[in-house]
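Colleague: Next comes input-v8.txt, compact mmCIF, C-alpha atoms:
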```
# COMPACT_ATOMS: atom_id res chain seq x y z
CA MET A 143 156.82 125.58 25.95
CA SER A 144 155.09 122.59 24.41
CA VAL A 145 156.94 119.38 23.49
CA ALA A 146 153.85 118.04 21.66
CA ASN A 147 153.54 121.16 19.49
CA CYS A 148 157.25 120.92 18.71
CA LEU A 149 156.85 117.35 17.43
CA GLN A 150 153.80 118.25 15.37
CA GLY A 151 155.60 121.08 13.58
CA VAL A 152 158.64 118.97 12.69
CA MET A 153 156.52 116.04 11.46
CA THR A 154 154.62 118.34 9.08
CA LEU A 155 157.88 119.47 7.49
CA LEU A 156 159.08 115.89 7.11
CA VAL A 157 155.85 114.89 5.34
CA MET A 158 156.49 117.63 2.77
CA ILE A 159 160.01 116.29 2.15
CA VAL A 160 158.60 112.76 1.67
CA ILE A 161 156.11 114.13 -0.89
CA GLY A 162 159.06 115.73 -2.70
CA VAL A 163 160.84 112.36 -2.77
CA LEU A 164 157.74 110.75 -4.33
CA LEU A 165 157.45 113.54 -6.93
CA GLY A 166 161.11 113.05 -7.81
CA ARG A 167 160.86 109.25 -7.99
CA THR A 168 157.80 109.43 -10.26
CA LYS A 169 159.53 112.16 -12.34
CA VAL A 170 156.68 114.63 -11.86
CA ILE A 171 159.39 117.18 -11.00
CA ARG A 172 162.52 116.74 -13.12
CA GLY A 173 164.81 118.57 -15.52
CA GLU A 174 163.42 121.96 -16.49
CA GLY A 175 160.68 121.75 -13.85
CA GLU A 176 163.25 121.31 -11.11
CA GLU A 177 165.29 124.22 -12.49
CA MET A 178 162.22 126.45 -12.70
CA LEU A 179 161.17 125.63 -9.14
CA THR A 180 164.69 126.34 -7.87
CA ARG A 181 164.86 129.73 -9.61
CA LEU A 182 161.35 130.64 -8.44
CA THR A 183 162.30 129.93 -4.83
CA ILE A 184 165.73 131.62 -4.81
CA THR A 185 165.02 134.65 -6.96
CA TYR A 186 161.47 135.50 -5.93
CA SER A 187 159.89 133.58 -3.08
CA ILE A 188 162.72 133.78 -0.49
CA PRO A 189 163.15 137.56 -0.99
CA PHE A 190 159.43 138.00 -0.35
CA VAL A 191 159.75 136.02 2.92
CA LEU A 192 162.60 138.25 4.07
CA PHE A 193 160.80 141.40 2.99
CA ASP A 194 157.59 140.41 4.77
CA ASN A 195 159.26 139.51 8.06
CA SER A 196 161.68 142.43 8.15
CA ARG A 197 158.96 145.02 7.51
CA LYS A 198 156.92 143.56 10.37
CA TYR A 199 159.58 143.15 13.02
CA ILE A 200 162.82 145.05 12.23
CA THR A 201 161.70 148.47 13.41
CA PRO A 202 163.91 151.17 14.99
CA ASP A 203 162.49 150.31 18.42
CA PHE A 204 163.21 146.63 17.87
CA LEU A 205 166.82 147.28 16.86
CA ARG A 206 167.34 149.63 19.80
CA ASP A 207 166.00 147.10 22.31
CA MET A 208 167.59 144.02 20.76
CA GLY A 209 170.79 145.57 19.38
CA PRO A 210 173.30 144.18 21.90
CA TRP A 211 171.66 140.75 21.87
CA LEU A 212 172.23 140.46 18.11
CA LEU A 213 175.91 140.00 18.95
CA ILE A 214 175.34 136.57 20.52
CA PRO A 215 174.15 134.79 17.34
CA ALA A 216 176.66 136.77 15.28
CA PHE A 217 179.50 135.56 17.50
CA VAL A 218 178.21 131.96 17.57
CA ILE A 219 177.98 131.84 13.76
CA ALA A 220 181.38 133.48 13.23
CA PHE A 221 183.00 131.17 15.79
CA SER A 222 181.35 128.12 14.23
CA CYS A 223 182.55 129.18 10.77
CA GLY A 224 186.11 129.40 12.07
CA VAL A 225 185.90 126.03 13.82
CA SER A 226 184.36 124.36 10.77
CA LEU A 227 187.05 125.69 8.40
CA LEU A 228 189.73 124.43 10.78
CA LEU A 229 188.01 121.03 10.95
CA ALA A 230 187.69 120.97 7.15
CA HIS A 231 191.46 121.39 6.94
CA VAL A 232 192.13 118.72 9.59
CA LEU A 233 189.68 116.26 8.01
CA LYS A 234 191.06 117.05 4.54
CA VAL A 235 187.62 117.89 3.14
CA GLU A 236 187.84 118.44 -0.61
CA LYS A 237 188.34 122.12 -1.43
CA ASN A 238 185.22 122.25 -3.60
CA LYS A 239 183.14 121.03 -0.65
CA ARG A 240 184.52 123.16 2.18
CA GLY A 241 182.06 126.01 1.67
CA MET A 242 179.09 123.67 2.00
CA PHE A 243 180.70 121.98 5.00
CA MET A 244 181.12 125.34 6.73
CA VAL A 245 177.59 126.51 5.94
CA MET A 246 175.99 123.27 7.14
CA PHE A 247 178.03 123.32 10.36
CA SER A 248 177.43 126.99 11.22
CA PHE A 249 174.09 128.35 9.96
CA SER A 250 170.60 127.61 11.31
CA ASN A 251 167.30 127.19 9.49
CA THR A 252 165.79 130.21 11.24
CA ILE A 253 162.68 130.88 9.13
CA LEU A 254 161.52 127.93 7.03
CA ILE A 255 161.78 125.47 9.91
CA GLY A 256 162.79 127.62 12.89
CA LEU A 257 159.89 130.08 12.81
CA PRO A 258 157.11 127.43 12.81
CA ILE A 259 158.86 125.51 15.62
CA VAL A 260 159.45 128.62 17.75
CA THR A 261 155.84 129.69 17.26
CA GLU A 262 154.60 126.24 18.29
CA ILE A 263 156.85 126.06 21.38
CA PHE A 264 156.89 129.67 22.62
CA GLY A 265 153.85 131.20 20.96
CA GLU A 266 153.65 134.70 19.44
CA PRO A 267 155.98 136.27 22.10
CA GLY A 268 158.87 134.16 20.81
CA ILE A 269 158.76 135.53 17.23
CA PRO A 270 160.70 138.80 17.84
CA TYR A 271 163.57 136.82 19.40
CA ASN A 272 163.50 134.45 16.43
CA ILE A 273 163.84 137.47 14.12
CA ALA A 274 166.71 138.80 16.28
CA PHE A 275 168.65 135.57 15.59
CA PHE A 276 167.52 135.60 11.99
CA ILE A 277 169.15 138.99 11.23
CA PRO A 278 172.84 138.06 11.72
CA ASN A 279 172.19 134.51 10.48
CA THR A 280 170.72 135.86 7.23
CA VAL A 281 173.20 138.68 6.66
CA LEU A 282 176.22 136.41 7.24
CA PHE A 283 174.77 133.60 5.13
CA TRP A 284 173.91 135.78 2.12
CA THR A 285 177.34 137.43 2.23
CA PHE A 286 180.11 135.21 3.62
CA GLY A 287 178.20 131.93 3.29
CA ASN A 288 176.98 132.73 -0.22
CA MET A 289 180.52 133.51 -1.38
CA ALA A 290 181.80 130.25 0.15
CA LEU A 291 179.15 128.27 -1.77
CA ALA A 292 180.03 130.14 -4.96
CA HIS A 293 183.69 129.21 -4.41
CA ASP A 294 182.66 125.54 -4.18
CA GLY A 295 181.15 125.92 -7.64
CA GLY A 296 184.42 127.22 -9.08
CA GLN A 297 183.82 130.97 -8.84
CA ARG A 298 186.93 132.76 -7.56
CA PHE A 299 186.45 135.65 -5.13
CA ARG A 300 187.28 139.08 -6.49
CA PHE A 301 185.82 142.26 -5.10
CA ASP A 302 184.24 143.58 -8.28
CA ARG A 303 180.79 144.29 -9.67
CA ALA A 304 179.97 140.59 -9.91
CA THR A 305 180.96 140.11 -6.25
CA LEU A 306 178.72 143.00 -5.19
CA ARG A 307 175.84 141.43 -7.10
CA ALA A 308 176.48 138.16 -5.26
CA ILE A 309 176.61 139.91 -1.87
CA PHE A 310 173.47 141.94 -2.54
CA SER A 311 171.54 138.88 -3.64
CA PRO A 312 167.77 139.01 -4.17
CA ALA A 313 167.32 137.64 -0.63
CA LEU A 314 169.44 140.36 1.00
CA ARG A 315 167.76 143.04 -1.12
CA GLY A 316 164.39 141.78 0.10
CA LEU A 317 165.59 142.05 3.71
CA LEU A 318 166.92 145.60 3.23
CA LEU A 319 163.80 146.77 1.37
CA GLY A 320 161.61 145.44 4.16
CA MET A 321 163.71 147.34 6.71
CA ILE A 322 163.29 150.54 4.68
CA VAL A 323 159.53 150.06 4.71
CA ALA A 324 159.59 149.46 8.48
CA PHE A 325 161.85 152.47 9.19
CA THR A 326 159.82 154.88 7.07
CA GLY A 327 156.47 153.69 8.40
CA LEU A 328 155.13 152.98 4.93
CA THR A 329 152.21 150.60 4.52
CA LEU A 330 151.29 148.58 1.47
CA PRO A 331 147.84 148.71 -0.13
CA PRO A 332 145.80 145.65 0.88
CA PHE A 333 146.06 144.02 -2.55
CA LEU A 334 149.89 144.31 -2.52
CA ASP A 335 150.05 143.11 1.06
CA SER A 336 148.10 139.99 0.09
CA ALA A 337 150.33 139.41 -2.96
CA VAL A 338 153.45 139.60 -0.77
CA LYS A 339 152.00 137.00 1.60
CA TYR A 340 151.08 134.70 -1.30
CA MET A 341 154.60 134.88 -2.75
CA ALA A 342 156.19 134.39 0.67
CA GLY A 343 153.90 131.42 1.27
CA LEU A 344 155.46 129.57 -1.68
CA THR A 345 158.85 129.32 0.02
CA VAL A 346 158.30 126.57 2.58
CA PRO A 347 156.48 124.09 0.30
CA CYS A 348 158.77 124.74 -2.68
CA SER A 349 161.96 124.41 -0.61
CA LEU A 350 160.83 121.22 1.12
CA LEU A 351 159.57 119.65 -2.12
CA LEU A 352 162.89 120.44 -3.82
CA THR A 353 164.79 118.92 -0.91
CA GLY A 354 162.77 115.74 -1.37
CA VAL A 355 163.46 115.77 -5.13
CA PHE A 356 167.20 116.10 -4.47
CA LEU A 357 167.03 113.20 -2.01
CA SER A 358 165.22 111.02 -4.54
CA LYS A 359 168.37 111.16 -6.69
CA MET A 360 170.49 109.73 -3.90
CA GLY A 361 168.55 106.52 -3.24
CA THR A 362 169.60 104.49 -0.20
CA GLY A 363 172.83 106.50 0.01
CA ALA A 364 170.86 109.35 1.56
CA PHE A 365 171.29 107.86 5.03
CA LYS A 366 174.92 106.74 4.74
CA LEU A 367 176.93 109.33 6.63
CA THR A 368 180.50 110.22 5.79
CA ARG A 369 182.99 111.31 8.44
CA GLU A 370 182.29 114.93 7.47
CA GLY A 371 178.57 114.27 7.88
CA TRP A 372 179.01 113.14 11.47
CA VAL A 373 181.00 116.30 12.21
CA VAL A 374 178.24 118.45 10.69
CA LEU A 375 175.68 116.73 12.93
CA LEU A 376 177.87 117.45 15.95
CA GLY A 377 178.23 121.11 15.03
CA ARG A 378 174.62 121.72 14.04
CA LEU A 379 172.89 119.89 16.88
CA VAL A 380 175.36 120.06 19.77
CA ILE A 381 178.14 122.65 19.50
CA THR A 382 176.18 125.69 18.28
CA PRO A 383 173.19 125.32 20.66
CA ALA A 384 175.50 124.58 23.61
CA LEU A 385 177.61 127.65 22.87
CA THR A 386 174.50 129.79 22.43
CA LEU A 387 172.98 128.62 25.73
CA MET A 388 176.27 129.22 27.54
CA LEU A 389 176.60 132.79 26.24
CA CYS A 390 172.98 133.64 27.03
CA LEU A 391 173.39 132.39 30.61
CA LEU A 392 176.77 134.11 30.96
CA PHE A 393 175.41 137.52 29.94
CA GLY A 394 172.15 137.19 31.85
CA ALA A 395 169.73 137.16 28.92
CA GLU A 396 166.08 137.00 29.82
CA PRO A 397 164.52 133.50 29.85
CA MET A 398 162.44 133.86 26.67
CA LEU A 399 165.40 135.13 24.65
CA THR A 400 167.65 132.35 25.99
CA GLY A 401 165.09 129.67 25.16
CA VAL A 402 164.38 130.90 21.62
CA TYR A 403 168.06 131.48 20.79
CA THR A 404 169.00 127.99 21.98
CA VAL A 405 166.18 126.32 20.04
CA ILE A 406 167.05 128.27 16.86
CA ALA A 407 170.74 127.40 17.22
CA ALA A 408 169.74 123.71 17.19
CA MET A 409 167.69 123.98 14.00
CA PRO A 410 168.54 121.91 10.91
CA VAL A 411 170.71 122.86 7.93
CA MET A 412 169.35 125.79 5.92
CA ASN A 413 167.14 124.99 2.93
CA GLN A 414 168.74 127.96 1.14
CA ALA A 415 172.18 126.34 1.44
CA VAL A 416 170.95 123.37 -0.60
CA LEU A 417 169.30 125.58 -3.21
CA MET A 418 172.28 127.94 -3.57
CA SER A 419 174.74 125.04 -3.75
CA ARG A 420 172.73 123.59 -6.63
CA HIS A 421 172.59 127.04 -8.23
CA TYR A 422 176.40 127.33 -8.15
CA GLY A 423 177.04 123.71 -9.14
CA GLY A 424 178.33 122.61 -5.72
CA ASP A 425 177.73 119.49 -3.63
CA TYR A 426 174.01 120.14 -3.11
CA LEU A 427 173.13 116.45 -2.73
CA GLN A 428 175.11 116.22 0.49
CA GLY A 429 173.33 119.36 1.64
CA ALA A 430 169.95 117.79 0.92
CA GLN A 431 171.03 114.69 2.81
CA MET A 432 172.16 116.66 5.85
CA LEU A 433 169.04 118.87 5.79
CA THR A 434 166.85 115.77 6.02
CA LEU A 435 168.98 114.03 8.65
CA THR A 436 169.23 117.12 10.87
CA THR A 437 165.48 117.61 10.55
CA LEU A 438 164.87 113.96 11.47
CA LEU A 439 167.17 114.24 14.47
CA SER A 440 165.35 117.38 15.55
CA ILE A 441 162.33 115.17 16.22
CA VAL A 442 164.41 113.20 18.69
CA LEU A 443 166.47 116.00 20.23
CA MET A 444 164.08 118.98 20.32
CA PRO A 445 161.76 117.56 23.01
CA PHE A 446 164.80 116.83 25.18
CA LEU A 447 166.13 120.33 24.58
CA VAL A 448 162.78 121.85 25.49
CA TYR A 449 162.72 119.71 28.63
CA LEU A 450 166.25 120.89 29.52
CA LEU A 451 165.22 124.52 29.09
CA THR A 452 162.20 123.86 31.32
CA LEU A 453 164.51 122.46 34.03
CA LEU A 454 166.57 125.65 33.77
CA ALA A 455 163.33 127.63 34.31
CA LEU A 456 163.60 129.21 30.86
```
Kindly return the structure encoded in the file as structure tokens.
Modeller:
Amino acid sequence: MSVANCLQGVMTLLVMIVIGVLLGRTKVIRGEGEEMLTRLTITYSIPFVLFDNSRKYITPDFLRDMGPWLLIPAFVIAFSCGVSLLLAHVLKVEKNKRGMFMVMFSFSNTILIGLPIVTEIFGEPGIPYNIAFFIPNTVLFWTFGNMALAHDGGQRFRFDRATLRAIFSPALRGLLLGMIVAFTGLTLPPFLDSAVKYMAGLTVPCSLLLTGVFLSKMGTGAFKLTREGWVVLLGRLVITPALTLMLCLLFGAEPMLTGVYTVIAAMPVMNQAVLMSRHYGGDYLQGAQMLTLTTLLSIVLMPFLVYLLTLLAL
């Protein structure tokens, strides 16, 4: 595990967000351009990321070996969702902001930020464990989390054809299609394989640039935390990683799995949460604010977390 590599990866992501702020301030990205970039990322680029990673890693052997360990992140996320909804009630969070509050508190940025950081810290052997956390995180986000964000935007939940379309979003369809490819042993022609990688490669820069554009609209208010914001920071950077580490140690998970799971649980707010909140007309500006603040705090906390894991011989 490398603290220096961890810092380098996080700083790169922050530079991209700063560039997005500059593009927003100078109005290079605005109006229809912002809308186009959002739709490109949500509808096309993110599904390609999920397709590419699931076809590589989510094989029958992988699911057989990792199956029981998928329950740890699933439990942590479900527990965090319950705690966050209770806290939203206690704190009297506005009803049209409770979905975003829950998503920010409970879900980790497993791929766009998590995968580069895990690769830098743990190397190639850490990627399968990152994907193992990614599966329940993604499935729960694009189902339960997605519906909560839609509710923030004024869409009432009814189990009908529209609800099924929301559940089986382009992102989830990309994940499932990639799993089908992996399970059947199919391979893509080289030209299609390259096209998939190109489309998937758009996700990180587009998401980070859009986050910066959203932040540029907030001005100096971007770093003024509300009471709910402080609670989100506590959940995202303290409660979920602590619970994950405790469960891994309790059930005797191997050191690499424990280390990767704990690091992923401490990742920032999901980029997709900000994009989907904007898509549904929710409080996406607060999401952009918390994404940036949790990423900034990762610079401070991640080296200490890596050091703690080293002390635990993980």
Colleague: Given all atoms listed in the file as the basis, pick out the residue of A:Leu392, A:Val405, A:Met341, A:Leu227 nearest to Ser248 in chain A.
Modeller: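 Closest to Ser248 in chain A, using all atoms listed in the file: A:Leu227.
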Colleague: Just the number, please: distance in Å from CA of Lys359 in chain A to CA of Ala342 in chain A, one decimal.
Modeller: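 Between CA of Lys359 in chain A and CA of Ala342 in chain A the gap is 27.2 Å.
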Colleague: Leu212 in chain A: which residues within 9 Å, counting all atoms listed in the file, same-chain residues fewer than 2 positions away excluded, as a PyMOL selection string?
Modeller: chain A and resi 205+208-210+214-217+274-275+277-278
Colleague: By how many Å are CA of Ile188 in chain A and CA of Ala415 in chain A apart?
Modeller: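 Those two atoms sit 12.2 Å apart.
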Colleague: Using only C-alpha atoms, which of the listed residues (A:Phe356, A:Phe393, A:Phe204, A:Phe333) sits closest to Arg420 in chain A?
Modeller: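 Closest candidate: A:Phe356.
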Colleague: To one decimal place in Å, what is the distance between CA of Thr185 in chain A and CA of Thr285 in chain A?
Modeller: 15.6 Å
Colleague: Counting all atoms listed in the file, what is within 12 Å of Gly175 in chain A, bar same-chain residues fewer than 5 positions away, as a PDB file with C-alpha atoms, keeping the file's coordinate frame?
Modeller:
```pdb
ATOM      1  CA  LEU A 165     157.450 113.540  -6.930  1.00  0.00           C
ATOM      2  CA  GLY A 166     161.110 113.050  -7.810  1.00  0.00           C
ATOM      3  CA  LYS A 169     159.530 112.160 -12.340  1.00  0.00           C
ATOM      4  CA  VAL A 170     156.680 114.630 -11.860  1.00  0.00           C
ATOM      5  CA  THR A 180     164.690 126.340  -7.870  1.00  0.00           C
ATOM      6  CA  ARG A 181     164.860 129.730  -9.610  1.00  0.00           C
ATOM      7  CA  LEU A 182     161.350 130.640  -8.440  1.00  0.00           C
ATOM      8  CA  CYS A 348     158.770 124.740  -2.680  1.00  0.00           C
ATOM      9  CA  LEU A 351     159.570 119.650  -2.120  1.00  0.00           C
ATOM     10  CA  LEU A 352     162.890 120.440  -3.820  1.00  0.00           C
ATOM     11  CA  VAL A 355     163.460 115.770  -5.130  1.00  0.00           C
TER      12      VAL A 355
END
```
Colleague: I want to know what sits within 7 Å of Val411 in chain A, based on only C-alpha atoms, with residues of the same chain fewer than 3 positions away left out; could you give that as a PDB file with C-alpha atoms, keeping the file's coordinate frame?
Modeller:
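Below is the file that was written, out.pdb:
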```pdb
ATOM      1  CA  MET A 246     175.990 123.270   7.140  1.00  0.00           C
ATOM      2  CA  PHE A 249     174.090 128.350   9.960  1.00  0.00           C
ATOM      3  CA  SER A 250     170.600 127.610  11.310  1.00  0.00           C
ATOM      4  CA  ASN A 251     167.300 127.190   9.490  1.00  0.00           C
ATOM      5  CA  MET A 432     172.160 116.660   5.850  1.00  0.00           C
ATOM      6  CA  LEU A 433     169.040 118.870   5.790  1.00  0.00           C
ATOM      7  CA  THR A 436     169.230 117.120  10.870  1.00  0.00           C
TER       8      THR A 436
END
```
Colleague: Using only C-alpha atoms, can you tell me which of A:Tyr199, A:Phe193, A:Phe365, A:Tyr403 comes closest to Ala384 in chain A?
Modeller: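 That would be A:Tyr403, the residue with the smallest distance to Ala384 in chain A.
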Colleague: Can you list, as an mmCIF file with C-alpha atoms, keeping the file's coordinate frame, every protein, DNA or RNA residue that comes within 8 Å of range 229-232 of chain A when you count only C-alpha atoms, leaving out same-chain residues fewer than 5 positions away?
Modeller:
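Output file around_31.cif is given in full below:
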```cif
data_model
loop_
_atom_site.group_PDB
_atom_site.id
_atom_site.type_symbol
_atom_site.label_atom_id
_atom_site.label_comp_id
_atom_site.auth_asym_id
_atom_site.auth_seq_id
_atom_site.Cartn_x
_atom_site.Cartn_y
_atom_site.Cartn_z
ATOM 1 C CA ARG A 240 184.520 123.160 2.180
ATOM 2 C CA PHE A 243 180.700 121.980 5.000
ATOM 3 C CA MET A 244 181.120 125.340 6.730
#
```
Colleague: May I ask which of the residues A:Met153, A:Leu427, A:Val235, A:Leu375 is the closest one to Ser358 in chain A, counting all atoms listed in the file?
Modeller: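 Answer, going by the shortest atom-to-atom distance: A:Leu427.
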Colleague: Tell me which protein, DNA and RNA residues are within 12 Å of Pro410 in chain A, counting all atoms listed in the file, leaving out same-chain ones fewer than 6 positions away, and put them as a PyMOL selection string.
Modeller: chain A and resi 152+155-156+245-256+259+374-380+382-383+416+429-441+443-444
Colleague: I need the residue nearest Leu454 in chain A from this list: A:Leu391, A:Gly320, A:Ser349, A:Gln428. Use only C-alpha atoms for the distance.
Modeller: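 Answer, going by the shortest atom-to-atom distance: A:Leu391.
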Colleague: Return the single residue from A:Ile381, A:Leu450, A:Val191, A:Ile200 that is closest to Tyr340 in chain A, with distances computed using all atoms listed in the file.
Modeller: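 Checking each of A:Ile381, A:Leu450, A:Val191, A:Ile200 against Tyr340 in chain A, counting all atoms listed in the file, the winner is A:Val191.
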Colleague: Kindly add all heavy atoms to the incomplete range 389-399 of chain A and provide the output as an mmCIF file, in the frame of the given file.
Modeller:
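File produced: selection.cif:
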```cif
data_model
loop_
_atom_site.group_PDB
_atom_site.id
_atom_site.type_symbol
_atom_site.label_atom_id
_atom_site.label_comp_id
_atom_site.auth_asym_id
_atom_site.auth_seq_id
_atom_site.Cartn_x
_atom_site.Cartn_y
_atom_site.Cartn_z
ATOM 1 N N LEU A 389 176.442 131.336 26.339
ATOM 2 C CA LEU A 389 176.600 132.790 26.240
ATOM 3 C C LEU A 389 175.386 133.524 26.791
ATOM 4 O O LEU A 389 175.533 134.561 27.462
ATOM 5 C CB LEU A 389 176.840 133.182 24.776
ATOM 6 C CG LEU A 389 178.192 132.789 24.174
ATOM 7 C CD1 LEU A 389 178.235 133.116 22.696
ATOM 8 C CD2 LEU A 389 179.328 133.490 24.906
ATOM 9 N N CYS A 390 174.197 132.996 26.509
ATOM 10 C CA CYS A 390 172.980 133.640 27.030
ATOM 11 C C CYS A 390 172.974 133.613 28.560
ATOM 12 O O CYS A 390 172.630 134.622 29.205
ATOM 13 C CB CYS A 390 171.741 132.936 26.488
ATOM 14 S SG CYS A 390 171.401 133.261 24.745
ATOM 15 N N LEU A 391 173.341 132.485 29.152
ATOM 16 C CA LEU A 391 173.390 132.390 30.610
ATOM 17 C C LEU A 391 174.498 133.270 31.181
ATOM 18 O O LEU A 391 174.322 133.916 32.222
ATOM 19 C CB LEU A 391 173.592 130.940 31.034
ATOM 20 C CG LEU A 391 172.452 129.963 30.704
ATOM 21 C CD1 LEU A 391 172.837 128.532 31.073
ATOM 22 C CD2 LEU A 391 171.161 130.366 31.422
ATOM 23 N N LEU A 392 175.633 133.323 30.490
ATOM 24 C CA LEU A 392 176.770 134.110 30.960
ATOM 25 C C LEU A 392 176.445 135.599 31.014
ATOM 26 O O LEU A 392 176.817 136.296 31.965
ATOM 27 C CB LEU A 392 177.978 133.874 30.043
ATOM 28 C CG LEU A 392 179.265 134.650 30.375
ATOM 29 C CD1 LEU A 392 179.817 134.216 31.727
ATOM 30 C CD2 LEU A 392 180.304 134.448 29.274
ATOM 31 N N PHE A 393 175.712 136.099 30.006
ATOM 32 C CA PHE A 393 175.410 137.520 29.940
ATOM 33 C C PHE A 393 174.053 137.882 30.522
ATOM 34 O O PHE A 393 173.606 139.023 30.413
ATOM 35 C CB PHE A 393 175.509 138.007 28.490
ATOM 36 C CG PHE A 393 176.920 138.035 27.958
ATOM 37 C CD1 PHE A 393 177.365 137.068 27.080
ATOM 38 C CD2 PHE A 393 177.808 139.015 28.369
ATOM 39 C CE1 PHE A 393 178.667 137.072 26.599
ATOM 40 C CE2 PHE A 393 179.121 139.044 27.892
ATOM 41 C CZ PHE A 393 179.544 138.064 27.005
ATOM 42 N N GLY A 394 173.385 136.909 31.142
ATOM 43 C CA GLY A 394 172.150 137.190 31.850
ATOM 44 C C GLY A 394 170.971 137.558 30.961
ATOM 45 O O GLY A 394 170.161 138.428 31.319
ATOM 46 N N ALA A 395 170.869 136.906 29.808
ATOM 47 C CA ALA A 395 169.730 137.160 28.920
ATOM 48 C C ALA A 395 168.442 136.713 29.585
ATOM 49 O O ALA A 395 168.429 135.775 30.387
ATOM 50 C CB ALA A 395 169.927 136.422 27.595
ATOM 51 N N GLU A 396 167.355 137.371 29.232
ATOM 52 C CA GLU A 396 166.080 137.000 29.820
ATOM 53 C C GLU A 396 165.672 135.592 29.358
ATOM 54 O O GLU A 396 166.111 135.121 28.308
ATOM 55 C CB GLU A 396 165.000 138.016 29.468
ATOM 56 C CG GLU A 396 164.694 138.133 27.994
ATOM 57 C CD GLU A 396 163.552 139.113 27.736
ATOM 58 O OE1 GLU A 396 162.396 138.709 27.954
ATOM 59 O OE2 GLU A 396 163.825 140.257 27.334
ATOM 60 N N PRO A 397 164.839 134.900 30.141
ATOM 61 C CA PRO A 397 164.520 133.500 29.850
ATOM 62 C C PRO A 397 163.963 133.244 28.449
ATOM 63 O O PRO A 397 164.374 132.280 27.792
ATOM 64 C CB PRO A 397 163.489 133.147 30.927
ATOM 65 C CG PRO A 397 163.830 134.044 32.079
ATOM 66 C CD PRO A 397 164.281 135.329 31.450
ATOM 67 N N MET A 398 163.030 134.089 27.989
ATOM 68 C CA MET A 398 162.440 133.860 26.670
ATOM 69 C C MET A 398 163.491 133.953 25.578
ATOM 70 O O MET A 398 163.545 133.111 24.664
ATOM 71 C CB MET A 398 161.320 134.857 26.401
ATOM 72 C CG MET A 398 160.682 134.726 25.026
ATOM 73 S SD MET A 398 159.670 133.239 24.805
ATOM 74 C CE MET A 398 158.188 133.729 25.690
ATOM 75 N N LEU A 399 164.364 134.967 25.649
ATOM 76 C CA LEU A 399 165.400 135.130 24.650
ATOM 77 C C LEU A 399 166.352 133.928 24.670
ATOM 78 O O LEU A 399 166.719 133.396 23.622
ATOM 79 C CB LEU A 399 166.179 136.423 24.887
ATOM 80 C CG LEU A 399 167.264 136.774 23.856
ATOM 81 C CD1 LEU A 399 167.351 138.284 23.665
ATOM 82 C CD2 LEU A 399 168.630 136.239 24.267
#
```
